[in-house]
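As stored in work_29.tsv (TSV, C-alpha atoms):
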chain	number	residue	atom	x	y	z
A	298	MET	CA	29.62	-61.33	14.57
A	299	ALA	CA	29.38	-57.78	13.50
A	300	ASP	CA	33.12	-57.46	13.38
A	301	LYS	CA	33.47	-60.57	11.26
A	302	GLY	CA	30.86	-59.38	8.82
A	303	ASP	CA	32.56	-56.03	8.46
A	304	ASN	CA	35.87	-57.69	7.84
A	305	ASN	CA	34.34	-59.87	5.16
A	306	VAL	CA	32.93	-56.94	3.31
A	307	GLU	CA	36.22	-55.15	3.56
A	308	ARG	CA	38.15	-58.07	2.19
A	309	MET	CA	35.68	-58.48	-0.65
A	310	ASP	CA	35.96	-54.79	-1.44
A	311	ASN	CA	39.70	-54.88	-1.40
A	312	GLU	CA	40.40	-58.18	-3.12
A	313	ASN	CA	37.57	-59.05	-5.50
A	314	ILE	CA	35.77	-55.98	-6.76
A	315	LYS	CA	38.47	-53.38	-6.52
A	316	PRO	CA	39.98	-53.75	-9.96
A	317	ASP	CA	36.64	-53.27	-11.78
A	318	LYS	CA	35.01	-50.35	-10.01
A	319	MET	CA	35.88	-46.72	-10.43
A	320	PHE	CA	34.03	-45.33	-7.39
A	321	THR	CA	31.84	-46.36	-4.49
A	322	LEU	CA	28.53	-44.77	-3.66
A	323	LYS	CA	28.80	-44.16	0.07
A	324	LYS	CA	25.83	-41.94	0.77
A	325	TRP	CA	22.96	-40.42	-1.18
A	326	ASN	CA	20.20	-37.95	-0.40
A	327	ALA	CA	16.92	-38.05	-2.29
A	328	VAL	CA	15.11	-34.78	-2.89
A	329	ALA	CA	11.46	-34.77	-3.90
A	330	MET	CA	9.35	-31.83	-4.98
A	331	TRP	CA	5.62	-31.70	-4.66
A	332	SER	CA	2.78	-29.23	-5.06
A	333	TRP	CA	-0.96	-29.26	-4.53
A	334	ASP	CA	-2.98	-30.41	-7.51
A	335	VAL	CA	-5.44	-27.50	-7.36
A	336	GLU	CA	-5.67	-24.30	-9.36
A	337	CYS	CA	-5.65	-21.81	-6.50
A	338	ASP	CA	-3.44	-22.90	-3.65
A	339	THR	CA	-3.59	-19.79	-1.49
A	340	CYS	CA	-6.81	-18.62	0.12
A	341	ALA	CA	-7.24	-15.10	-1.26
A	342	ILE	CA	-9.08	-14.01	1.88
A	343	CYS	CA	-6.52	-14.85	4.57
A	344	ARG	CA	-3.56	-15.46	2.22
A	345	VAL	CA	-2.65	-18.81	3.79
A	346	GLN	CA	-2.38	-22.06	1.78
A	347	VAL	CA	-5.82	-23.65	1.58
A	348	MET	CA	-4.37	-26.96	2.75
A	349	ASP	CA	-3.18	-25.34	5.98
A	350	ALA	CA	-5.61	-24.06	8.60
A	351	CYS	CA	-6.87	-20.51	8.06
A	352	LEU	CA	-5.48	-17.66	10.16
A	353	ARG	CA	-8.40	-17.73	12.57
A	354	CYS	CA	-8.17	-21.47	13.16
A	355	GLN	CA	-4.40	-21.19	13.55
A	356	ALA	CA	-4.82	-18.49	16.18
A	357	GLU	CA	-7.50	-20.44	18.03
A	358	SER	CA	-5.63	-23.72	17.94
A	359	LYS	CA	-2.83	-22.05	19.86
A	360	ARG	CA	-5.24	-21.75	22.74
A	361	ASP	CA	-6.72	-25.24	22.27
A	362	PHE	CA	-4.98	-28.19	23.85
A	363	TYR	CA	-5.58	-30.51	20.91
A	364	GLY	CA	-4.52	-28.00	18.32
A	365	LYS	CA	-6.06	-29.82	15.37
A	366	GLN	CA	-8.97	-27.98	13.82
A	367	ASP	CA	-10.94	-29.23	10.90
A	368	CYS	CA	-10.49	-26.17	8.76
A	369	VAL	CA	-11.89	-27.44	5.48
A	370	VAL	CA	-11.46	-26.17	1.95
A	371	VAL	CA	-14.39	-25.16	-0.20
A	372	TRP	CA	-14.41	-25.08	-4.01
A	373	GLY	CA	-16.86	-22.93	-5.92
A	374	GLU	CA	-18.46	-23.71	-9.28
A	375	CYS	CA	-15.83	-21.32	-10.68
A	376	ASN	CA	-13.11	-23.70	-9.38
A	377	HIS	CA	-11.68	-21.13	-7.00
A	378	SER	CA	-10.86	-22.48	-3.56
A	379	PHE	CA	-10.92	-20.85	-0.13
A	380	HIS	CA	-11.06	-21.86	3.51
A	381	TYR	CA	-14.64	-22.58	4.46
A	382	CYS	CA	-14.19	-20.37	7.55
A	383	CYS	CA	-13.00	-17.39	5.48
A	384	MET	CA	-15.63	-17.82	2.81
A	385	SER	CA	-18.50	-18.07	5.27
A	386	LEU	CA	-17.56	-14.62	6.61
A	387	TRP	CA	-17.45	-13.14	3.12
A	388	VAL	CA	-20.66	-14.58	1.62
A	389	LYS	CA	-22.65	-12.90	4.39
A	390	GLN	CA	-21.34	-9.66	2.90
A	391	ASN	CA	-21.54	-10.41	-0.80
A	392	ASN	CA	-22.43	-13.77	-2.34
A	393	ARG	CA	-19.77	-13.58	-5.05
A	394	CYS	CA	-16.41	-15.22	-5.57
A	395	PRO	CA	-13.74	-12.76	-4.32
A	396	LEU	CA	-11.54	-13.62	-7.31
A	397	CYS	CA	-13.85	-13.73	-10.33
A	398	GLN	CA	-16.97	-11.99	-8.99
A	399	GLN	CA	-19.21	-14.84	-10.19
A	400	GLU	CA	-22.24	-15.75	-8.13
A	401	TRP	CA	-20.89	-18.06	-5.42
A	402	SER	CA	-22.14	-21.63	-5.27
A	403	ILE	CA	-20.32	-24.48	-3.62
A	404	GLN	CA	-19.06	-27.25	-5.89
A	405	ARG	CA	-17.42	-29.40	-3.21
A	406	MET	CA	-15.89	-29.29	0.21
A	407	GLY	CA	-13.12	-31.24	1.87
A	408	LYS	CA	-9.41	-31.42	2.30
B	818	MET	CA	-24.18	8.51	-11.35
B	819	LEU	CA	-24.94	10.05	-8.02
B	820	LYS	CA	-22.45	11.21	-5.47
B	821	LYS	CA	-22.84	8.92	-2.49
B	822	ILE	CA	-23.83	10.82	0.59
B	823	MET	CA	-22.31	9.25	3.65
B	824	PRO	CA	-21.51	10.50	7.14
B	825	ARG	CA	-17.90	11.54	7.60
B	826	SER	CA	-17.24	8.75	10.10
B	827	GLU	CA	-18.01	6.17	7.40
B	828	TRP	CA	-15.05	7.14	5.26
B	829	ASP	CA	-12.69	9.26	7.39
B	830	PRO	CA	-10.01	7.17	9.15
B	831	THR	CA	-9.11	10.08	11.43
B	832	ASP	CA	-12.71	10.68	12.48
B	833	THR	CA	-13.49	7.20	13.77
B	834	LEU	CA	-13.70	5.98	17.34
B	835	ASP	CA	-11.17	3.20	17.84
B	836	LYS	CA	-13.71	0.63	18.98
B	837	GLY	CA	-13.01	-3.08	19.49
B	838	ALA	CA	-10.02	-5.13	18.47
B	839	LEU	CA	-8.87	-6.63	15.21
B	840	THR	CA	-9.86	-10.26	14.69
B	841	ALA	CA	-7.02	-12.79	14.54
B	842	THR	CA	-7.45	-13.02	10.77
B	843	ALA	CA	-7.41	-9.24	10.40
B	844	SER	CA	-4.21	-8.61	12.34
B	845	SER	CA	-2.29	-11.40	10.60
B	846	ARG	CA	-3.66	-10.36	7.24
B	847	ILE	CA	-2.57	-6.71	7.77
B	848	LYS	CA	0.92	-7.92	8.65
B	849	ARG	CA	1.00	-10.13	5.57
B	850	ASP	CA	-0.11	-7.24	3.39
B	851	LEU	CA	2.61	-5.01	4.83
B	852	ILE	CA	5.30	-7.67	4.47
B	853	SER	CA	4.40	-8.24	0.83
B	854	ILE	CA	4.71	-4.48	0.20
B	855	PHE	CA	8.11	-4.40	1.94
B	856	ASN	CA	9.33	-7.45	0.00
B	857	ASP	CA	8.02	-6.32	-3.35
B	858	PRO	CA	7.47	-2.55	-3.15
B	859	PRO	CA	5.23	-1.16	-5.90
B	860	PRO	CA	7.07	1.70	-7.64
B	861	GLY	CA	6.35	5.10	-6.14
B	862	ILE	CA	4.48	3.76	-3.11
B	863	PHE	CA	5.97	4.01	0.37
B	864	VAL	CA	4.22	2.49	3.37
B	865	VAL	CA	4.79	2.23	7.12
B	866	GLY	CA	2.58	0.77	9.79
B	867	ASP	CA	1.65	2.95	12.75
B	868	GLU	CA	3.89	2.19	15.72
B	869	SER	CA	1.08	2.27	18.24
B	870	ASN	CA	-1.87	0.90	16.28
B	871	LEU	CA	-1.81	-1.97	13.81
B	872	LYS	CA	-5.05	-0.75	12.23
B	873	ILE	CA	-3.41	2.43	10.97
B	874	ILE	CA	-1.25	2.49	7.86
B	875	HIS	CA	0.64	5.55	6.59
B	876	ALA	CA	1.35	5.73	2.87
B	877	ILE	CA	2.97	8.16	0.49
B	878	ILE	CA	2.19	7.95	-3.19
B	879	PHE	CA	4.82	9.69	-5.27
B	880	GLY	CA	3.38	11.53	-8.29
B	881	VAL	CA	4.16	9.56	-11.44
B	882	ILE	CA	6.37	11.10	-14.17
B	883	ASP	CA	4.49	12.61	-17.15
B	884	THR	CA	1.43	13.37	-15.03
B	885	PRO	CA	0.64	16.79	-13.52
B	886	TYR	CA	1.36	15.14	-10.15
B	887	GLU	CA	4.98	14.42	-11.10
B	888	GLY	CA	7.29	14.56	-8.09
B	889	GLY	CA	4.55	15.34	-5.56
B	890	PHE	CA	4.23	13.63	-2.17
B	891	PHE	CA	0.64	12.53	-1.54
B	892	TYR	CA	0.27	11.35	2.01
B	893	TYR	CA	-2.63	9.02	2.87
B	894	ILE	CA	-3.82	7.59	6.17
B	895	LEU	CA	-5.57	4.21	6.05
B	896	ARG	CA	-7.53	2.55	8.82
B	897	CYS	CA	-8.35	-1.15	8.54
B	898	PRO	CA	-11.67	-2.30	10.01
B	899	ASN	CA	-11.70	-4.96	12.74
B	900	ASP	CA	-12.91	-7.58	10.25
B	901	TYR	CA	-10.39	-6.72	7.51
B	902	PRO	CA	-10.31	-7.98	4.70
B	903	ILE	CA	-14.09	-8.51	4.75
B	904	HIS	CA	-14.51	-4.73	4.61
B	905	PRO	CA	-12.10	-2.26	2.95
B	906	PRO	CA	-9.94	0.19	4.89
B	907	LYS	CA	-11.00	3.81	5.28
B	908	VAL	CA	-8.71	6.16	3.37
B	909	LYS	CA	-7.99	9.87	3.64
B	910	LEU	CA	-5.69	12.06	1.60
B	911	MET	CA	-3.82	14.31	4.00
B	912	THR	CA	-2.07	16.41	1.33
B	913	THR	CA	-4.76	19.04	0.78
B	914	ASN	CA	-3.13	22.17	2.23
B	915	ALA	CA	-5.43	21.89	5.26
B	916	GLY	CA	-8.55	21.20	3.20
B	917	LYS	CA	-8.01	23.91	0.62
B	918	VAL	CA	-6.86	22.00	-2.49
B	919	ARG	CA	-8.77	19.38	-4.44
B	920	PHE	CA	-6.13	17.39	-6.25
B	921	ASN	CA	-8.39	15.20	-8.39
B	922	PRO	CA	-12.03	14.94	-9.41
B	923	ASN	CA	-12.09	11.81	-7.22
B	924	MET	CA	-10.18	13.26	-4.27
B	925	TYR	CA	-11.96	16.04	-2.48
B	926	SER	CA	-10.30	18.80	-0.51
B	927	CYS	CA	-11.67	17.23	2.68
B	928	GLY	CA	-9.48	14.20	1.93
B	929	LYS	CA	-12.25	11.84	0.82
B	930	VAL	CA	-11.15	9.45	-1.91
B	931	CYS	CA	-13.94	8.40	-4.27
B	932	LEU	CA	-13.23	4.87	-5.36
B	933	SER	CA	-15.72	2.07	-5.86
B	934	ILE	CA	-13.60	-0.52	-4.02
B	935	LEU	CA	-13.64	1.78	-0.98
B	936	GLY	CA	-17.43	1.92	-1.16
B	937	THR	CA	-17.29	5.68	-1.75
B	938	TRP	CA	-18.36	5.44	-5.40
B	939	ASP	CA	-20.48	3.29	-7.72
B	940	GLY	CA	-18.87	0.41	-9.55
B	941	PRO	CA	-16.98	-2.78	-8.74
B	942	ALA	CA	-17.08	-3.20	-5.00
B	943	TRP	CA	-14.39	-4.30	-2.55
B	944	SER	CA	-13.34	-7.92	-2.62
B	945	PRO	CA	-11.38	-9.64	0.16
B	946	ALA	CA	-8.94	-10.75	-2.54
B	947	GLN	CA	-7.75	-7.12	-2.64
B	948	GLN	CA	-4.88	-6.12	-0.40
B	949	LEU	CA	-3.14	-2.94	0.72
B	950	SER	CA	-0.80	-2.88	-2.29
B	951	SER	CA	-3.60	-3.35	-4.85
B	952	LEU	CA	-5.67	-0.67	-3.10
B	953	LEU	CA	-2.78	1.81	-3.13
B	954	LEU	CA	-2.12	1.02	-6.80
B	955	SER	CA	-5.76	1.81	-7.58
B	956	ILE	CA	-5.39	5.16	-5.81
B	957	GLN	CA	-2.12	5.82	-7.65
B	958	SER	CA	-3.91	5.16	-10.97
B	959	LEU	CA	-6.34	8.02	-10.22
B	960	LEU	CA	-3.35	10.39	-10.18
B	961	CYS	CA	-3.11	10.00	-13.95
B	962	GLU	CA	-2.03	11.91	-17.05
B	963	LYS	CA	-5.35	13.64	-17.77
B	964	PRO	CA	-7.32	13.59	-14.52
B	965	TYR	CA	-9.93	15.98	-15.95
B	966	PHE	CA	-11.58	12.99	-17.59
B	967	ASN	CA	-11.81	11.12	-14.27
B	968	GLU	CA	-14.92	13.17	-13.57
B	969	PRO	CA	-17.96	11.00	-14.39
B	970	GLY	CA	-19.61	12.19	-17.58
B	971	PHE	CA	-16.60	14.22	-18.68
B	972	ILE	CA	-15.84	12.27	-21.86
B	973	LYS	CA	-15.35	15.52	-23.76
B	974	GLU	CA	-14.05	18.82	-22.47
B	975	GLN	CA	-16.81	21.22	-21.41
B	976	ILE	CA	-14.77	24.09	-22.86
B	977	PRO	CA	-11.92	23.29	-25.29
B	978	GLY	CA	-8.59	23.41	-23.44
B	979	ASP	CA	-10.15	22.56	-20.07
B	980	SER	CA	-8.03	19.46	-19.56
B	981	LYS	CA	-4.78	21.30	-20.31
B	982	ARG	CA	-5.77	24.19	-18.03
B	983	TYR	CA	-6.66	21.73	-15.26
B	984	ASN	CA	-3.25	20.08	-15.65
B	985	GLU	CA	-1.55	23.47	-15.37
B	986	PHE	CA	-3.46	24.14	-12.16
B	987	LEU	CA	-2.53	20.70	-10.78
B	988	GLN	CA	1.13	20.94	-11.72
B	989	HIS	CA	1.42	24.25	-9.90
B	990	GLU	CA	-0.44	23.00	-6.84
B	991	THR	CA	1.64	19.82	-6.80
B	992	LEU	CA	4.85	21.85	-6.50
B	993	ARG	CA	3.34	24.34	-4.08
B	994	VAL	CA	1.43	21.99	-1.77
B	995	ALA	CA	2.61	18.42	-2.40
B	996	VAL	CA	6.33	19.21	-2.70
B	997	CYS	CA	7.28	22.44	-0.87
B	998	GLY	CA	4.33	22.30	1.52
B	999	MET	CA	4.98	18.67	2.43
B	1000	ILE	CA	8.74	19.01	2.98
B	1001	GLU	CA	8.29	22.27	4.93
B	1002	ASN	CA	5.32	20.58	6.69
B	1003	GLU	CA	3.41	23.84	6.50
B	1004	CYS	CA	0.20	22.21	7.73
B	1005	HIS	CA	1.88	20.52	10.72
B	1006	ILE	CA	0.70	17.00	9.98
B	1007	ASN	CA	2.37	14.20	11.91
B	1008	ILE	CA	4.07	12.28	9.15
B	1009	PRO	CA	6.00	9.25	10.50
B	1010	THR	CA	9.76	9.83	10.64
B	1011	LYS	CA	10.51	7.02	8.18
B	1012	LEU	CA	8.23	8.51	5.54
B	1013	ARG	CA	9.64	11.98	6.21
B	1014	GLU	CA	13.16	10.67	5.61
B	1015	ILE	CA	12.06	9.02	2.34
B	1016	MET	CA	10.44	12.31	1.23
B	1017	GLU	CA	13.56	14.34	2.00
B	1018	LYS	CA	15.83	11.88	0.21
B	1019	THR	CA	13.53	11.70	-2.81
B	1020	PHE	CA	13.25	15.50	-2.89
B	1021	LEU	CA	17.02	15.88	-3.25
B	1022	GLU	CA	17.17	13.17	-5.93
B	1023	PHE	CA	14.34	14.77	-7.87
B	1024	TYR	CA	15.42	18.39	-7.31
B	1025	ASP	CA	16.68	19.04	-10.86
B	1026	GLN	CA	13.34	17.88	-12.32
B	1027	TYR	CA	11.47	20.25	-9.98
B	1028	VAL	CA	13.56	23.15	-11.22
B	1029	GLU	CA	12.95	22.08	-14.80
B	1030	ILE	CA	9.17	22.01	-14.28
B	1031	VAL	CA	9.35	25.51	-12.80
B	1032	LYS	CA	11.44	26.81	-15.71
B	1033	ASN	CA	9.14	25.23	-18.31
B	1034	ASN	CA	6.16	26.97	-16.71
B	1035	MET	CA	7.74	30.32	-15.86
B	1036	HIS	CA	5.76	31.97	-18.70
B	1037	LEU	CA	2.58	31.26	-16.69
B	1038	ASP	CA	3.81	33.25	-13.69
B	1039	GLY	CA	1.27	35.85	-12.64
B	1040	THR	CA	-1.59	34.33	-14.66
B	1041	GLU	CA	-4.72	32.97	-13.06
B	1042	LEU	CA	-5.15	29.22	-12.58
B	1043	ILE	CA	-8.65	27.80	-12.31
B	1044	ASP	CA	-9.79	24.52	-10.83
B	1045	PRO	CA	-13.04	23.64	-12.64
B	1046	PHE	CA	-14.00	21.17	-9.87
B	1047	GLY	CA	-12.98	22.93	-6.68
B	1048	LYS	CA	-14.09	26.23	-8.26
B	1049	CYS	CA	-11.04	27.93	-6.84
B	1050	ARG	CA	-8.78	30.47	-8.52
B	1051	ARG	CA	-5.14	31.00	-7.79
B	1052	VAL	CA	-2.46	33.28	-9.12
B	1053	CYS	CA	0.39	31.28	-10.56
B	1054	GLN	CA	3.59	31.96	-8.62
B	1055	TYR	CA	6.41	29.94	-10.15
B	1056	LYS	CA	8.98	32.60	-9.34
B	1057	SER	CA	8.35	32.35	-5.62
B	1058	LEU	CA	8.11	28.55	-5.88
B	1059	LEU	CA	11.65	28.47	-7.26
B	1060	GLY	CA	12.78	30.42	-4.21
B	1061	ARG	CA	11.01	27.99	-1.89
B	1062	LEU	CA	12.53	24.97	-3.63
B	1063	GLU	CA	16.02	26.47	-3.30
B	1064	LYS	CA	15.46	27.23	0.37
B	1065	VAL	CA	14.20	23.72	1.10
B	1066	LYS	CA	17.15	22.18	-0.70
B	1067	ALA	CA	19.67	24.36	1.16
B	1068	LYS	CA	18.09	23.39	4.47
B	1069	LEU	CA	18.12	19.65	3.69
B	1070	VAL	CA	21.71	19.73	2.42
B	1071	GLY	CA	22.72	21.64	5.56
B	1072	GLN	CA	20.98	19.03	7.75
B	1073	ASN	CA	22.78	16.20	5.97
B	1074	GLN	CA	26.17	17.87	6.41
B	1075	LEU	CA	25.50	18.41	10.09
B	1076	VAL	CA	24.67	14.74	10.48
B	1077	SER	CA	27.74	13.52	8.60
B	1078	LYS	CA	30.07	15.90	10.50
B	1079	GLN	CA	28.98	14.61	13.87
B	1080	PRO	CA	28.47	10.91	13.40
B	1081	SER	CA	28.94	10.09	17.07
B	1082	CYS	CA	26.03	12.11	18.37
B	1083	SER	CA	23.79	12.23	15.32
B	1084	SER	CA	22.18	8.88	15.97
B	1085	ALA	CA	21.31	9.88	19.50
B	1086	VAL	CA	19.72	13.06	18.23
B	1087	GLU	CA	17.74	11.17	15.63
B	1088	ASN	CA	16.47	8.72	18.21
B	1089	ASP	CA	15.38	11.56	20.41
B	1090	ILE	CA	13.43	13.18	17.59
B	1091	GLU	CA	11.91	9.84	16.67
B	1092	SER	CA	10.64	9.21	20.18
B	1093	LYS	CA	9.12	12.69	20.32
B	1094	LEU	CA	7.39	12.15	17.02
B	1095	THR	CA	6.07	8.79	18.13
B	1096	GLU	CA	4.56	10.39	21.20
B	1097	SER	CA	2.80	12.98	19.12
B	1098	ASP	CA	1.66	10.29	16.64
B	1099	GLU	CA	-0.04	8.51	19.47
B	1100	ILE	CA	-1.78	11.66	20.52
B	1101	LEU	CA	-3.06	12.19	17.00
B	1102	PHE	CA	-4.49	8.72	16.64
B	1103	THR	CA	-5.88	8.09	20.06
B	1104	SER	CA	-7.67	11.39	20.35
Would you give me this structure, written as structure tokens?
Amino acid sequence: MADKGDNNVERMDNENIKPDKMFTLKKWNAVAMWSWDVECDTCAICRVQVMDACLRCQAESKRDFYGKQDCVVVWGECNHSFHYCCMSLWVKQNNRCPLCQQEWSIQRMGK
Amino acid sequence: MLKKIMPRSEWDPTDTLDKGALTATASSRIKRDLISIFNDPPPGIFVVGDESNLKIIHAIIFGVIDTPYEGGFFYYILRCPNDYPIHPPKVKLMTTNAGKVRFNPNMYSCGKVCLSILGTWDGPAWSPAQQLSSLLLSIQSLLCEKPYFNEPGFIKEQIPGDSKRYNEFLQHETLRVAVCGMIENECHINIPTKLREIMEKTFLEFYDQYVEIVKNNMHLDGTELIDPFGKCRRVCQYKSLLGRLEKVKAKLVGQNQLVSKQPSCSSAVENDIESKLTESDEILFTS
């Protein structure tokens, strides 16, 4: 069956379409680019992308069997984003945004 | 503005007990900071990590052209806290001629660096968004064109000509202590081999400018230089500085020729020296 089908295609290629076409597309690779739709994509505290787990969670997940940690992102009223883990360590020290020094208040949290 | 009084152990990286371990975030963050300096080195700033302790960073800030610090090697030791970057590193200037020269109104002869982000001065505090390169750039910016006016409240000169006289003092001390003294290692500080090599190479590249500075200031030879902040007086000795510069250059050129003449054994010798230095580094930082 498969052989027959292949032969058919070959014959069609050779006999019917050949005169009209200049080239055949044999293979193509699609390349897509993407980026996060947020203003600050690197956590300024640990310098890892906010969408990845923070350094501490990464280090701990190595020891955990399940690996997955819910390392969430937190956005301030100033629109700057950080890992919740990193930010909770900093606000104990100084309740200001590390980037713009505004009083820190949480706008939203999530991934 | 009041000078902050704090115990030495709160700012001195060489006077701190090495207690506890770096958190996972801290050790990765220090490595990231170092890598970003290696990948994109800020001009005039050279950094190496300590081979035996990740918390310790060695840095040389090269005096910027058109400042009285031009061509000088200012060696700093930094110690990152266990929770870095929540708290800033502790910083000490080691180029002080064993605690005898105050190179800046904000850098005391004991090595203390007064900078608000280090918590040693009033003003904008540390933020975890800072990193080693931004901290070193802030320190470099203190070594500026007219450091006299770095002193809080010194918007105008106390006595006309003060700023120029202070620059003359600093330019002389830079050549004496931060160039000759550092290359000769007169104070026997354990500077990591890599930084030492960078200093020696930079010295030879910059040699003609050193000589030019000396020649431009030769008329001051024998006069008295006064530091209005450290309250110290020194007799200007450009003539003898020229002799020292020549001697240092001859020694370094001789070393280089020795190395290039014997390529087969030079690397072994270097390695040997390196391992000895590393041993002594460890002694310095663990004691």
Provide as an NGL selection string the residues of chain A at most 7 Å from chain B, counting all atoms listed in the file. :A and (341-343 or 352-353 or 356 or 387 or 395-396)
Store the residues picked out above in a file with C-alpha atoms, as a PDB file, in the frame of the given file.
ATOM      1  CA  ALA A 341      -7.240 -15.100  -1.260  1.00  0.00           C
ATOM      2  CA  ILE A 342      -9.080 -14.010   1.880  1.00  0.00           C
ATOM      3  CA  CYS A 343      -6.520 -14.850   4.570  1.00  0.00           C
ATOM      4  CA  LEU A 352      -5.480 -17.660  10.160  1.00  0.00           C
ATOM      5  CA  ARG A 353      -8.400 -17.730  12.570  1.00  0.00           C
ATOM      6  CA  ALA A 356      -4.820 -18.490  16.180  1.00  0.00           C
ATOM      7  CA  TRP A 387     -17.450 -13.140   3.120  1.00  0.00           C
ATOM      8  CA  PRO A 395     -13.740 -12.760  -4.320  1.00  0.00           C
ATOM      9  CA  LEU A 396     -11.540 -13.620  -7.310  1.00  0.00           C
TER      10      LEU A 396
END
Distance cut-off 10 Å, centre (4.1, 23.0, 0.0) in file coordinates, counting all atoms listed in the file: which residues qualify? Return them as an MDAnalysis selection string. chainID B and resid 889:890 912:914 990:1004 1058 1061:1062
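Straight-line separation from CA of Lys1056 in chain B to CA of Leu959 in chain B: 29.0 Å.
Distance-wise, CA of Cys1049 in chain B and CA of Ile956 in chain B end up 23.5 Å apart.
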Between CA of Glu962 in chain B and CA of Lys1018 in chain B, what is the distance, to one decimal in Å?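 Pair CA of Glu962 in chain B / CA of Lys1018 in chain B returns 24.8 Å.
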Find the residues around Lys963 in chain B up to 12 Å (all atoms listed in the file counted), leave out those fewer than 3 positions away in its own chain, and share them as a PDB file with C-alpha atoms, keeping the file's coordinate frame.
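Okay, around_25.pdb is ready:
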ATOM      1  CA  ASP B 883       4.490  12.610 -17.150  1.00  0.00           C
ATOM      2  CA  THR B 884       1.430  13.370 -15.030  1.00  0.00           C
ATOM      3  CA  PRO B 885       0.640  16.790 -13.520  1.00  0.00           C
ATOM      4  CA  TYR B 886       1.360  15.140 -10.150  1.00  0.00           C
ATOM      5  CA  ASN B 921      -8.390  15.200  -8.390  1.00  0.00           C
ATOM      6  CA  PRO B 922     -12.030  14.940  -9.410  1.00  0.00           C
ATOM      7  CA  SER B 958      -3.910   5.160 -10.970  1.00  0.00           C
ATOM      8  CA  LEU B 959      -6.340   8.020 -10.220  1.00  0.00           C
ATOM      9  CA  LEU B 960      -3.350  10.390 -10.180  1.00  0.00           C
ATOM     10  CA  PHE B 966     -11.580  12.990 -17.590  1.00  0.00           C
ATOM     11  CA  ASN B 967     -11.810  11.120 -14.270  1.00  0.00           C
ATOM     12  CA  GLU B 968     -14.920  13.170 -13.570  1.00  0.00           C
ATOM     13  CA  PHE B 971     -16.600  14.220 -18.680  1.00  0.00           C
ATOM     14  CA  ILE B 972     -15.840  12.270 -21.860  1.00  0.00           C
ATOM     15  CA  LYS B 973     -15.350  15.520 -23.760  1.00  0.00           C
ATOM     16  CA  GLU B 974     -14.050  18.820 -22.470  1.00  0.00           C
ATOM     17  CA  GLY B 978      -8.590  23.410 -23.440  1.00  0.00           C
ATOM     18  CA  ASP B 979     -10.150  22.560 -20.070  1.00  0.00           C
ATOM     19  CA  SER B 980      -8.030  19.460 -19.560  1.00  0.00           C
ATOM     20  CA  LYS B 981      -4.780  21.300 -20.310  1.00  0.00           C
ATOM     21  CA  ARG B 982      -5.770  24.190 -18.030  1.00  0.00           C
ATOM     22  CA  TYR B 983      -6.660  21.730 -15.260  1.00  0.00           C
ATOM     23  CA  ASN B 984      -3.250  20.080 -15.650  1.00  0.00           C
ATOM     24  CA  GLU B 985      -1.550  23.470 -15.370  1.00  0.00           C
ATOM     25  CA  LEU B 987      -2.530  20.700 -10.780  1.00  0.00           C
ATOM     26  CA  GLN B 988       1.130  20.940 -11.720  1.00  0.00           C
TER      27      GLN B 988
END
From (17.3, 23.2, 5.0), in the file's coordinates, out to 12 Å: which residues are reached, counting all atoms listed in the file? Answer as a PyMOL selection string. chain B and resi 997+1000-1001+1017+1020-1021+1061-1075
